[in-house]
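Participant: To be precise about what I am sending: the file is called model.txt and holds compact mmCIF, C-alpha atoms.
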```txt
# COMPACT_ATOMS: atom_id res chain seq x y z
CA MET A 121 100.89 93.34 214.36
CA ARG A 122 100.62 91.42 217.63
CA GLU A 123 99.28 87.91 217.54
CA ARG A 124 96.23 88.90 219.60
CA ASP A 125 95.46 91.71 217.15
CA VAL A 126 95.13 89.37 214.18
CA PRO A 127 91.60 90.03 212.92
CA GLN A 128 89.10 87.19 213.22
CA GLU A 129 86.12 88.89 211.66
CA GLY A 130 84.64 86.04 209.64
CA ASN A 131 84.80 87.32 206.07
CA ALA A 132 81.99 86.16 203.81
CA THR A 133 84.39 86.32 200.84
CA LEU A 134 86.58 83.59 202.35
CA ALA A 135 83.56 81.25 202.41
CA GLY A 136 84.53 79.71 205.74
CA ASN A 137 88.21 79.27 204.84
CA ARG A 138 90.99 80.75 206.87
CA LYS A 139 94.07 82.52 205.64
CA ALA A 140 97.55 82.71 207.04
CA VAL A 141 98.86 85.97 208.44
CA TYR A 142 102.25 86.66 210.03
CA ALA A 143 102.13 88.31 213.44
CA VAL A 144 104.36 88.93 216.43
CA ALA A 145 103.82 86.46 219.28
CA ASP A 146 104.29 87.38 222.95
CA ASP A 147 107.87 86.09 222.88
CA GLY A 148 108.69 88.59 220.12
CA ARG A 149 108.87 86.01 217.33
CA VAL A 150 107.06 86.55 214.05
CA ARG A 151 104.83 83.53 213.51
CA LEU A 152 102.10 82.28 211.21
CA VAL A 153 98.62 82.81 212.60
CA ALA A 154 95.37 81.66 211.02
CA SER A 155 92.92 84.49 210.45
CA ARG A 156 89.20 84.20 209.80
CA GLY A 157 89.46 87.41 207.84
CA TRP A 158 89.69 91.16 208.18
CA GLU A 159 86.84 93.48 207.39
CA VAL A 160 89.10 95.61 205.19
CA GLU A 161 89.77 92.65 202.91
CA GLU A 162 86.10 91.89 202.74
CA ILE A 163 85.26 95.49 201.81
CA VAL A 164 87.73 95.70 198.94
CA THR A 165 87.00 92.21 197.60
CA ARG A 166 83.24 92.80 197.75
CA GLN A 167 83.77 96.11 196.01
CA ALA A 168 85.62 94.45 193.12
CA ILE A 169 83.08 91.63 192.87
CA ASP A 170 80.13 94.03 193.05
CA ASP A 171 81.57 96.16 190.29
CA LEU A 172 81.94 93.13 188.00
CA ALA A 173 78.41 92.03 188.93
CA ARG A 174 77.12 95.50 188.08
CA LEU A 175 78.70 95.34 184.61
CA ALA A 176 77.10 91.92 184.04
CA ARG A 177 73.71 93.14 185.25
CA GLU A 178 73.79 96.21 183.02
CA ALA A 179 74.81 94.08 180.04
CA ARG A 180 71.92 91.72 180.74
CA GLU A 181 69.43 94.59 180.79
CA ARG A 182 70.80 95.98 177.55
CA CYS A 183 70.60 92.51 176.07
CA ARG A 184 66.94 92.23 177.08
CA ALA A 185 66.34 95.58 175.42
CA GLY A 186 67.99 94.30 172.25
CA LEU A 187 70.94 96.70 172.51
CA THR A 188 73.69 94.12 172.92
CA SER A 189 74.27 90.38 172.42
CA PRO A 190 74.41 87.71 175.15
CA LEU A 191 78.16 87.57 174.53
CA GLU A 192 78.75 90.82 176.41
CA PHE A 193 76.78 89.57 179.40
CA HIS A 194 78.66 86.26 179.48
CA MET A 195 81.99 88.05 179.20
CA TYR A 196 81.32 90.15 182.31
CA HIS A 197 79.70 87.19 184.01
CA ALA A 198 83.00 85.31 183.61
CA ARG A 199 84.75 88.34 185.19
CA MET A 200 86.52 89.15 181.94
CA ASP A 201 86.87 92.31 179.88
CA VAL A 202 87.25 92.72 176.12
CA ALA A 203 91.05 92.66 176.33
CA LEU A 204 91.12 89.36 178.20
CA LEU A 205 88.42 87.74 176.08
CA SER A 206 90.40 88.78 173.03
CA GLN A 207 93.58 87.17 174.34
CA THR A 208 91.74 84.03 175.40
CA THR A 209 89.93 83.49 172.10
CA GLY A 210 92.41 85.04 169.68
CA VAL A 211 89.62 87.19 168.25
CA TRP A 212 90.55 90.83 167.72
CA ARG A 213 88.99 93.32 170.10
CA TRP A 214 87.12 95.27 167.43
CA ARG A 215 85.61 92.00 166.19
CA ILE A 216 84.46 91.12 169.68
CA ARG A 217 82.87 94.55 170.04
CA ARG A 218 81.19 94.00 166.68
CA HIS A 219 79.87 90.68 167.97
CA PHE A 220 78.14 92.59 170.76
CA ARG A 221 75.66 93.75 168.10
CA PRO A 222 72.69 91.36 168.29
CA GLN A 223 72.24 91.14 164.49
CA VAL A 224 75.91 90.24 164.00
CA PHE A 225 75.93 87.78 166.89
CA ALA A 226 72.85 86.00 165.50
CA ARG A 227 74.71 85.23 162.27
CA LEU A 228 77.97 84.00 163.86
CA PRO A 229 79.21 80.68 162.50
CA ALA A 230 79.10 77.75 164.93
CA ALA A 231 82.90 77.43 165.04
CA LEU A 232 83.33 80.99 166.28
CA ARG A 233 80.55 80.55 168.82
CA GLN A 234 82.33 77.43 170.04
CA ARG A 235 85.53 79.43 170.55
CA TYR A 236 83.66 81.93 172.70
CA ALA A 237 81.87 79.16 174.59
CA ASP A 238 85.16 77.36 175.36
CA ALA A 239 86.85 80.54 176.53
CA LEU A 240 83.96 81.36 178.84
CA GLY A 241 83.51 77.81 180.11
CA LEU A 242 79.97 77.53 178.69
CA SER A 243 78.10 75.17 176.40
CA LEU A 244 77.18 76.38 172.91
CA GLU A 245 73.58 76.53 173.88
CA ALA A 246 74.20 78.48 177.11
CA LEU A 247 76.16 81.11 175.17
CA GLY A 248 73.03 82.15 173.28
CA ARG A 249 70.92 82.60 176.40
CA ILE A 250 70.99 85.02 179.29
CA ASP A 251 69.89 83.74 182.66
CA MET B 28 108.14 76.84 196.80
CA SER B 29 109.46 76.12 200.28
CA SER B 30 107.70 72.76 200.27
CA LEU B 31 109.51 71.85 197.03
CA ILE B 32 112.84 72.50 198.74
CA ARG B 33 111.80 70.64 201.88
CA HIS B 34 110.84 67.69 199.73
CA HIS B 35 114.45 67.57 198.55
CA GLY B 36 115.76 67.36 202.07
CA LEU B 37 116.60 70.93 203.06
CA PRO B 38 114.48 72.36 205.88
CA MET B 39 113.09 75.69 204.71
CA SER B 40 110.24 77.90 205.88
CA GLU B 41 108.09 79.89 203.52
CA ALA B 42 109.57 83.10 204.94
CA MET B 43 113.12 81.85 204.42
CA ALA B 44 112.45 80.94 200.80
CA PHE B 45 110.80 84.32 200.23
CA GLY B 46 113.66 86.23 201.82
CA LEU B 47 116.53 84.31 200.24
CA ALA B 48 114.97 84.98 196.85
CA SER B 49 114.93 88.73 197.70
CA ALA B 50 111.30 88.66 196.69
CA ILE B 51 110.23 91.79 198.55
CA LEU B 52 109.57 94.70 196.23
CA PHE B 53 107.27 97.52 195.35
CA ALA B 54 106.21 98.16 191.78
CA TYR B 55 103.39 100.25 190.42
CA LEU B 56 102.65 99.23 186.84
CA PRO B 57 100.16 101.68 185.32
CA PHE B 58 100.69 100.27 181.82
CA ILE B 59 99.38 96.83 182.76
CA ARG B 60 95.71 97.22 183.50
CA VAL B 61 93.01 94.75 184.42
CA HIS B 62 89.49 96.13 184.14
CA GLY B 63 91.08 99.54 183.77
CA LEU B 64 92.96 99.33 187.07
CA PRO B 65 96.76 99.22 187.33
CA ILE B 66 98.83 96.43 188.84
CA VAL B 67 100.48 97.22 192.17
CA ALA B 68 102.98 94.52 193.08
CA TYR B 69 104.50 94.02 196.52
CA ARG B 70 106.85 91.24 195.50
CA SER B 71 108.84 90.21 192.46
CA PRO B 72 107.28 87.82 189.92
CA PRO B 73 107.20 84.12 190.88
CA ARG B 74 109.46 83.08 188.02
CA GLY B 75 112.25 85.28 189.35
CA ILE B 76 111.78 83.99 192.89
CA ILE B 77 112.13 80.41 191.74
CA ARG B 78 115.14 81.22 189.54
CA ARG B 79 117.03 82.91 192.36
CA LEU B 80 116.42 80.08 194.80
CA ASP B 81 117.44 77.64 192.12
CA ARG B 82 120.76 79.41 191.55
CA ASP B 83 121.56 79.97 195.22
CA LEU B 84 120.70 76.53 196.50
CA GLY B 85 121.58 74.43 193.46
CA LEU B 86 118.18 72.85 192.90
CA GLY B 87 118.74 72.09 189.23
CA MET B 88 115.32 73.50 188.48
CA ARG B 89 113.78 72.70 185.13
CA PHE B 90 111.05 74.79 183.53
CA GLU B 91 108.79 73.51 180.78
CA ARG B 92 106.03 75.15 178.80
CA PHE B 93 103.70 73.47 176.38
CA ARG B 94 101.83 74.24 173.19
CA SER B 95 98.82 72.06 173.91
CA PRO B 96 97.00 71.08 177.10
CA ALA B 97 97.22 67.40 176.15
CA GLU B 98 101.02 67.56 175.96
CA GLY B 99 101.17 69.46 179.26
CA THR B 100 99.05 66.86 181.02
CA ARG B 101 101.06 63.96 179.57
CA ARG B 102 104.32 65.45 180.85
CA LEU B 103 102.81 66.21 184.26
CA ASN B 104 101.67 62.61 184.61
CA GLU B 105 105.09 61.35 183.57
CA LEU B 106 106.84 63.46 186.20
CA LEU B 107 104.40 62.43 188.91
CA GLU B 108 105.02 58.79 188.10
CA GLN B 109 108.72 59.42 188.70
CA GLY B 110 107.66 60.49 192.18
CA ARG B 111 108.46 64.18 191.73
CA LEU B 112 106.73 67.20 193.18
CA VAL B 113 105.72 69.46 190.33
CA GLY B 114 105.10 73.19 190.61
CA LEU B 115 102.54 74.76 188.28
CA GLN B 116 101.62 78.26 187.30
CA THR B 117 97.84 78.59 187.05
CA SER B 118 95.00 81.06 186.77
CA ALA B 119 93.13 81.46 190.05
CA PHE B 120 89.83 81.88 188.21
CA TRP B 121 89.64 78.28 187.00
CA LEU B 122 90.46 76.56 190.30
CA PRO B 123 87.15 75.16 191.57
CA TYR B 124 88.32 74.87 195.18
CA PHE B 125 88.81 78.63 195.45
CA PRO B 126 86.01 80.50 197.26
CA PRO B 127 83.83 82.00 194.48
CA ASP B 128 84.49 85.54 195.64
CA MET B 129 88.23 85.03 195.37
CA ARG B 130 88.17 83.80 191.80
CA PHE B 131 89.69 86.52 189.66
CA HIS B 132 91.59 86.19 186.40
CA PHE B 133 94.93 86.25 188.12
CA ASN B 134 97.43 84.19 186.15
CA ALA B 135 100.39 83.98 188.48
CA HIS B 136 98.95 81.66 191.07
CA ASN B 137 101.50 78.96 191.87
CA LEU B 138 100.65 75.61 193.39
CA ILE B 139 102.23 72.22 193.79
CA ILE B 140 100.95 68.86 192.59
CA TYR B 141 102.24 65.91 194.52
CA GLY B 142 100.19 63.00 193.27
CA ARG B 143 97.47 61.70 191.01
CA GLU B 144 94.58 59.35 191.61
CA GLY B 145 92.90 58.45 188.33
CA ASP B 146 91.70 61.67 186.79
CA GLU B 147 92.21 63.70 189.93
CA TYR B 148 95.34 65.50 191.09
CA LEU B 149 96.40 66.11 194.68
CA VAL B 150 97.21 69.75 195.20
CA SER B 151 99.17 71.51 197.88
CA ASP B 152 98.07 75.13 197.64
CA PRO B 153 99.30 77.85 199.97
CA VAL B 154 95.78 79.31 199.89
CA GLY B 155 93.95 76.36 201.41
CA GLU B 156 94.65 74.99 204.84
CA THR B 157 94.05 71.42 203.80
CA VAL B 158 95.03 69.32 200.84
CA VAL B 159 92.66 69.63 197.91
CA ARG B 160 91.90 67.67 194.76
CA ILE B 161 91.33 68.95 191.27
CA ALA B 162 89.94 67.26 188.17
CA ARG B 163 92.13 66.97 185.07
CA ALA B 164 89.87 69.16 182.90
CA ASP B 165 89.80 71.97 185.47
CA LEU B 166 93.55 71.86 185.91
CA GLU B 167 94.12 72.04 182.15
CA LYS B 168 91.87 75.06 181.95
CA ALA B 169 93.77 76.74 184.80
CA ARG B 170 97.20 75.93 183.36
CA PHE B 171 96.39 77.11 179.86
CA ALA B 172 94.49 80.29 180.71
CA LYS B 173 95.36 83.23 178.47
CA GLY B 174 95.85 86.90 179.15
CA ILE B 175 98.44 88.91 181.07
CA LEU B 176 101.22 86.67 182.43
CA ALA B 177 99.67 83.66 180.66
CA PRO B 178 101.15 80.50 182.21
CA LYS B 179 101.28 78.53 178.94
CA GLY B 180 101.17 75.35 180.99
CA LEU B 181 104.37 76.22 182.85
CA LEU B 182 105.57 73.46 185.15
CA TYR B 183 108.80 73.24 187.11
CA TYR B 184 110.59 70.64 189.19
CA ALA B 185 113.92 70.20 190.93
CA THR B 186 116.46 67.67 189.69
CA ALA B 187 119.21 67.99 192.31
CA LYS B 188 119.44 67.77 196.05
CA PRO B 189 120.16 71.17 197.59
CA THR B 190 123.26 71.29 199.75
CA ALA B 191 123.18 73.02 203.12
CA PRO B 192 124.44 76.48 202.18
CA ASP B 193 126.57 79.06 203.92
CA TRP B 194 123.61 80.98 205.35
CA ALA B 195 125.56 84.12 206.18
CA LYS B 196 127.01 84.50 202.70
CA LEU B 197 123.73 83.69 201.01
CA GLY B 198 121.73 85.86 203.38
CA ARG B 199 124.00 88.84 202.90
CA ARG B 200 123.67 88.61 199.16
CA ALA B 201 119.91 88.25 199.46
CA LEU B 202 119.70 91.46 201.51
CA ALA B 203 121.79 93.39 199.00
CA ARG B 204 119.63 92.10 196.18
CA ALA B 205 116.46 93.18 198.01
CA ALA B 206 117.67 96.69 198.86
CA ASN B 207 118.92 97.45 195.37
CA PRO B 208 115.70 97.70 193.38
CA MET B 209 113.96 99.44 196.28
CA LEU B 210 116.56 102.21 196.49
CA ARG B 211 118.51 102.39 193.25
CA THR B 212 116.49 101.95 190.16
CA PRO B 213 116.34 103.93 186.96
CA LEU B 214 112.65 103.04 186.68
CA PRO B 215 110.35 105.60 188.30
CA PHE B 216 107.66 103.01 189.02
CA VAL B 217 109.81 100.56 191.01
CA GLY B 218 110.84 100.63 194.66
CA VAL B 219 110.57 103.72 196.82
CA ARG B 220 110.17 105.84 193.69
CA GLY B 221 107.21 103.67 192.76
CA ILE B 222 105.51 104.31 196.10
CA ARG B 223 105.96 108.05 195.60
CA LEU B 224 104.64 107.85 192.04
CA LEU B 225 101.58 105.97 193.25
CA ALA B 226 101.07 108.55 196.02
CA TRP B 227 101.13 111.29 193.40
CA GLN B 228 98.60 109.43 191.26
CA VAL B 229 96.32 108.94 194.26
CA SER B 230 96.54 112.62 195.21
CA ARG B 231 95.08 113.53 191.80
CA LEU B 232 92.01 111.28 192.08
CA ALA B 233 88.65 113.00 191.85
CA ASP B 234 85.89 112.02 194.25
CA ASP B 235 84.01 109.51 192.09
CA ALA B 236 83.25 105.82 191.70
CA HIS B 237 86.43 105.19 189.71
CA ALA B 238 88.58 106.67 192.47
CA ARG B 239 87.03 104.29 194.99
CA LEU B 240 87.72 101.33 192.72
CA TYR B 241 91.27 102.60 192.22
CA ILE B 242 92.17 102.72 195.91
CA GLY B 243 90.22 99.50 196.55
CA ASN B 244 92.41 97.88 193.95
CA ILE B 245 95.59 99.02 195.73
CA VAL B 246 94.35 97.61 199.03
CA ARG B 247 93.29 94.37 197.37
CA MET B 248 96.74 93.90 195.84
CA GLN B 249 98.27 94.63 199.23
CA GLU B 250 96.15 92.43 201.46
CA GLU B 251 94.48 89.79 199.31
CA ILE B 252 97.11 88.69 196.83
CA GLY B 253 99.62 86.41 198.43
CA THR B 254 100.48 85.63 201.98
CA GLY B 255 100.99 87.15 205.30
CA GLY B 256 99.37 90.58 205.16
CA ALA B 257 100.71 94.11 204.60
CA GLY B 258 101.98 93.37 201.11
CA PHE B 259 104.47 90.68 202.23
CA ARG B 260 106.14 93.04 204.74
CA PHE B 261 105.32 90.74 207.68
CA LEU B 262 106.59 87.74 205.75
CA TYR B 263 109.90 89.45 205.04
CA ALA B 264 110.19 90.52 208.69
CA SER B 265 109.82 86.89 209.65
CA PHE B 266 112.66 86.05 207.28
CA LEU B 267 114.95 88.70 208.79
CA GLN B 268 114.30 87.34 212.24
CA GLU B 269 114.96 83.77 211.17
CA LEU B 270 118.15 84.70 209.33
CA GLY B 271 119.32 86.68 212.36
CA GLU B 272 118.88 83.68 214.62
CA LEU B 273 120.45 81.29 212.15
CA THR B 274 123.60 83.37 211.65
CA GLY B 275 123.76 85.21 214.97
CA TYR B 276 123.98 88.56 213.18
CA ALA B 277 122.30 90.83 215.71
CA PRO B 278 121.18 93.88 213.65
CA LEU B 279 118.68 91.74 211.73
CA GLY B 280 116.40 91.39 214.77
CA GLY B 281 116.03 95.16 215.06
CA LEU B 282 115.37 95.48 211.34
CA ALA B 283 112.66 92.82 211.61
CA SER B 284 110.84 94.76 214.35
CA GLU B 285 111.09 97.94 212.34
CA LEU B 286 109.60 96.24 209.29
CA VAL B 287 106.73 94.84 211.36
CA GLU B 288 105.92 98.42 212.36
CA ILE B 289 106.06 99.54 208.73
CA GLY B 290 103.71 96.67 207.89
CA ASP B 291 101.31 97.85 210.59
CA ARG B 292 101.28 101.29 209.00
CA TRP B 293 100.55 99.76 205.58
CA ARG B 294 97.58 98.09 207.25
CA GLU B 295 96.49 101.43 208.70
CA PHE B 296 96.53 102.82 205.17
CA ALA B 297 94.36 99.87 204.07
CA LEU B 298 91.93 100.51 206.91
CA ALA B 299 91.67 104.23 206.13
CA ALA B 300 91.08 103.45 202.45
CA ALA B 301 88.42 100.83 203.22
CA ARG B 302 86.55 103.25 205.49
CA MET B 303 86.44 105.81 202.69
CA ILE B 304 85.24 103.18 200.20
CA ARG B 305 82.40 102.29 202.53
CA GLY B 306 81.57 105.94 203.09
CA ARG B 307 82.24 105.82 206.84
CA ASP B 308 84.79 108.57 206.36
CA PRO B 309 84.54 111.27 203.69
CA PHE B 310 86.66 110.50 200.63
CA ASP B 311 89.96 112.34 200.90
CA ALA B 312 92.47 111.53 198.18
CA ARG B 313 95.11 113.85 199.63
CA ALA B 314 95.03 112.17 203.04
CA LEU B 315 95.54 108.77 201.43
CA ALA B 316 98.32 110.12 199.24
CA ALA B 317 100.01 111.57 202.32
CA ARG B 318 99.86 108.17 204.00
CA LEU B 319 101.37 106.55 200.92
CA SER B 320 104.26 108.97 200.66
CA ALA B 321 104.90 108.47 204.37
CA ARG B 322 105.19 104.72 203.60
CA GLY B 323 107.65 105.64 200.87
CA ALA B 324 109.74 107.54 203.40
CA ASP B 325 109.51 104.65 205.90
CA GLU B 326 110.66 102.14 203.35
CA GLU B 327 113.47 104.33 202.11
CA LYS B 328 114.78 104.61 205.65
CA PHE B 329 114.31 100.90 206.27
CA PHE B 330 116.03 99.70 203.12
CA ARG B 331 118.93 102.10 203.63
CA ALA B 332 119.40 100.60 207.09
CA LEU B 333 119.11 97.12 205.59
CA ASP B 334 121.70 97.97 202.98
CA ALA B 335 124.06 99.41 205.59
CA ALA B 336 123.64 96.33 207.79
CA GLN B 337 124.43 94.14 204.82
CA ARG B 338 127.60 96.09 204.03
CA ALA B 339 128.73 95.98 207.66
CA TRP B 340 128.19 92.23 207.80
CA ALA B 341 131.62 90.59 207.91
CA CYS B 342 131.46 87.12 206.51
```
Would you give me this structure, written as structure tokens?

Facilitator:
Amino acid sequence: MRERDVPQEGNATLAGNRKAVYAVADDGRVRLVASRGWEVEEIVTRQAIDDLARLAREARERCRAGLTSPLEFHMYHARMDVALLSQTTGVWRWRIRRHFRPQVFARLPAALRQRYADALGLSLEALGRID
Amino acid sequence: MSSLIRHHGLPMSEAMAFGLASAILFAYLPFIRVHGLPIVAYRSPPRGIIRRLDRDLGLGMRFERFRSPAEGTRRLNELLEQGRLVGLQTSAFWLPYFPPDMRFHFNAHNLIIYGREGDEYLVSDPVGETVVRIARADLEKARFAKGILAPKGLLYYATAKPTAPDWAKLGRRALARAANPMLRTPLPFVGVRGIRLLAWQVSRLADDAHARLYIGNIVRMQEEIGTGGAGFRFLYASFLQELGELTGYAPLGGLASELVEIGDRWREFALAAARMIRGRDPFDARALAARLSARGADEEKFFRALDAAQRAWAC
């Protein structure tokens, strides 16, 4: 890539930051050039973010309909999946899935709720709500 | 990493540190999945990079992991008071200065702490252009994140002054060490074989939402993780050029130009994939797979040439 071809397309995902890219300068040397972003990066990052947002949104709707617990929404909201939440909390995956059932979640002891809240970076009270 | 070495009195660019550690690689790891998508790595893991530099330059690197965040913080403070630069492995998701859209649960993000003011740490992070600060609680969260490649509070620091090395000898060894896993590996998912395996996987994708996420994931690993673009190919080209000038070994300049071209073609693959994700071009798994196997052929040719140049290097 030539230095003048380094994309400066102003990615929204970089939130105004710039990133370093290596490119060939006119004298033939490979140098560091600051880039305001490349559309390709924005497309793939947005795609990943949107997919996680979709999972969170669907979980929220199911939660409203009483089909799942707020835990599932908060898990996706924190960009986690069951495997990662399991590793972070030390709770087995099948138990986490069981805690997605609203009746089971409602009866969870405070200590276990606290473990989930810590792992997700939430307060105890926020864990029980969806908004 | 390069700033750690510079701090100890040896001038070193990021590219040089990357190249000397033979960090360039390709690995497709279908058995490690995040949100159902496989890991595609374009460089070797940070631990290995640091280890190799440590051994080659004599940095006397120490690694420490901790059971509890409190212990980890205490030790970090202690080292900072001794005036050391301390490297940390962290999870990108818990770093508040990251742009929100870049915050994924990626556990192998390395940064350097060079000071503390009260409950705030001064961070030198390759991602940001400027120096940033981070609160103690946030840093603890980032250092003790769980999951794949969990950092377990890993910190590292150098204890010895690096001596100015014999660049030719070191460089030659670094080239051999880079070419080896790319060309000669028993593992079908590493090196050139890994690129071909990934191409085969891509060729079998159906035209659905998962397929778009799958190729988006490859491009994201290539362009968004780490520095320099084109899955570290430009960075390594910069290293070859620098080593060539430092040692006067002419073939390295030509290899650097060739690798820049290969990097450009990786970026063309990324562009083609992104256009299909957006629906500007019809989704065509076979076309993408063909591009990938062409990259495999490119890299095989390149690393064979690199290996030959290394063998022919009299020093």

Participant: State, in Å with one decimal place, the distance from CA of Asp334 (chain B) to CA of Ser284 (chain B).

Facilitator: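 Value for the CA of Asp334 (chain B)-CA of Ser284 (chain B) distance: 16.0 Å.
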
Participant: Find the residues near region 124-130 of chain B: any atom within 7 Å, counting only C-alpha atoms, skip ones fewer than 6 places away on the same chain, and give them as a ChimeraX atom specification.

Facilitator: /A:133-135,169

Participant: Find, counting all atoms listed in the file, the residue in A:Gly248, A:Gly186, A:Gly210, A:Gly130 that gets nearest to chain B.

Facilitator: A:Gly210

Participant: One decimal, Å: what's the distance from CA of Glu129 (chain A) over to CA of Val164 (chain A), could you say?

Facilitator: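 CA of Val164 (chain A) lies at a distance of 14.5 Å from CA of Glu129 (chain A).
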
Participant: Show me, as a PyMOL selection string, the residues of chain B whose atoms get within 7 Å of chain A, using all atoms listed in the file for the distance check.

Facilitator: chain B and resi 62+126+128-129+131+154+173-174+243+246-247+250-251+254-256+261-262+265+287+291+297-298+301

Participant: Would you output that residue set with C-alpha atoms, as a PDB file, in the frame of the given file?

Facilitator:
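What follows is the written file again-v9.pdb:
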```
ATOM      1  CA  HIS B  62      89.490  96.130 184.140  1.00  0.00           C
ATOM      2  CA  PRO B 126      86.010  80.500 197.260  1.00  0.00           C
ATOM      3  CA  ASP B 128      84.490  85.540 195.640  1.00  0.00           C
ATOM      4  CA  MET B 129      88.230  85.030 195.370  1.00  0.00           C
ATOM      5  CA  PHE B 131      89.690  86.520 189.660  1.00  0.00           C
ATOM      6  CA  VAL B 154      95.780  79.310 199.890  1.00  0.00           C
ATOM      7  CA  LYS B 173      95.360  83.230 178.470  1.00  0.00           C
ATOM      8  CA  GLY B 174      95.850  86.900 179.150  1.00  0.00           C
ATOM      9  CA  GLY B 243      90.220  99.500 196.550  1.00  0.00           C
ATOM     10  CA  VAL B 246      94.350  97.610 199.030  1.00  0.00           C
ATOM     11  CA  ARG B 247      93.290  94.370 197.370  1.00  0.00           C
ATOM     12  CA  GLU B 250      96.150  92.430 201.460  1.00  0.00           C
ATOM     13  CA  GLU B 251      94.480  89.790 199.310  1.00  0.00           C
ATOM     14  CA  THR B 254     100.480  85.630 201.980  1.00  0.00           C
ATOM     15  CA  GLY B 255     100.990  87.150 205.300  1.00  0.00           C
ATOM     16  CA  GLY B 256      99.370  90.580 205.160  1.00  0.00           C
ATOM     17  CA  PHE B 261     105.320  90.740 207.680  1.00  0.00           C
ATOM     18  CA  LEU B 262     106.590  87.740 205.750  1.00  0.00           C
ATOM     19  CA  SER B 265     109.820  86.890 209.650  1.00  0.00           C
ATOM     20  CA  VAL B 287     106.730  94.840 211.360  1.00  0.00           C
ATOM     21  CA  ASP B 291     101.310  97.850 210.590  1.00  0.00           C
ATOM     22  CA  ALA B 297      94.360  99.870 204.070  1.00  0.00           C
ATOM     23  CA  LEU B 298      91.930 100.510 206.910  1.00  0.00           C
ATOM     24  CA  ALA B 301      88.420 100.830 203.220  1.00  0.00           C
TER      25      ALA B 301
END
```

Participant: Just want the 7 Å neighbourhood of Leu279 (chain B), counted on all atoms listed in the file, with same-chain residues fewer than 6 positions away dropped. Output as a ChimeraX atom specification.

Facilitator: /B:267-268,271

Participant: Please identify all polymer residues within 10 Å of Arg217 (chain A), counting all atoms listed in the file, omitting same-chain residues fewer than 2 positions from it, and present them as a ChimeraX atom specification.

Facilitator: /A:188-189,191-192,202,206,212-215,219-221

Participant: Applying 12 Å and all atoms listed in the file, which residues near Leu232 (chain B) remain after dropping the ones on its own chain fewer than 2 positions away? List them as a PyMOL selection string.

Facilitator: chain B and resi 225-230+234-242+310-316

Participant: Rank nothing, just name the residue among B:Leu333, B:Ile245, B:Leu52, B:Leu31 nearest to Phe259 (chain B), using only C-alpha atoms.

Facilitator: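 Checking each candidate against Phe259 (chain B), we get B:Leu52 as the closest.
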
Participant: Interatomic distance between CA of Arg331 (chain B) and CA of Leu210 (chain B)?

Facilitator: 7.5 Å

Participant: Please determine, counting only C-alpha atoms, which residue among A:Val224, A:Arg235, A:Val211, A:Ala173 has the shortest atom-to-atom distance to Leu187 (chain A).

Facilitator: A:Val224

Participant: Name the residues in contact with Ile66 (chain B) at a cut-off of 9 Å, using only C-alpha atoms, excluding same-chain residues fewer than 2 positions from it; report them as a PyMOL selection string.

Facilitator: chain B and resi 54-61+64+68+244-245+248

Participant: Please, can region 35-45 of chain B be completed to N, CA and C atoms and returned as a compact mmCIF listing (two decimals), keeping the file's coordinate frame?

Facilitator:
```
# COMPACT_ATOMS: atom_id res chain seq x y z
N HIS B 35 113.12 68.02 198.95
CA HIS B 35 114.45 67.57 198.55
C HIS B 35 115.44 67.59 199.70
N GLY B 36 114.92 67.63 200.91
CA GLY B 36 115.76 67.36 202.07
C GLY B 36 116.41 68.55 202.74
N LEU B 37 116.03 69.77 202.38
CA LEU B 37 116.60 70.93 203.06
C LEU B 37 115.48 71.64 203.80
N PRO B 38 115.56 71.70 205.13
CA PRO B 38 114.48 72.36 205.88
C PRO B 38 114.41 73.84 205.49
N MET B 39 113.22 74.31 205.19
CA MET B 39 113.09 75.69 204.71
C MET B 39 111.68 76.19 204.97
N SER B 40 111.57 77.33 205.67
CA SER B 40 110.24 77.90 205.88
C SER B 40 109.86 78.74 204.68
N GLU B 41 108.58 79.04 204.60
CA GLU B 41 108.09 79.89 203.52
C GLU B 41 108.80 81.25 203.56
N ALA B 42 108.94 81.79 204.78
CA ALA B 42 109.57 83.10 204.94
C ALA B 42 111.01 83.06 204.46
N MET B 43 111.71 81.98 204.81
CA MET B 43 113.12 81.85 204.42
C MET B 43 113.25 81.81 202.90
N ALA B 44 112.40 81.03 202.26
CA ALA B 44 112.45 80.94 200.80
C ALA B 44 112.16 82.30 200.18
N PHE B 45 111.17 83.00 200.73
CA PHE B 45 110.80 84.32 200.23
C PHE B 45 111.97 85.30 200.37
```
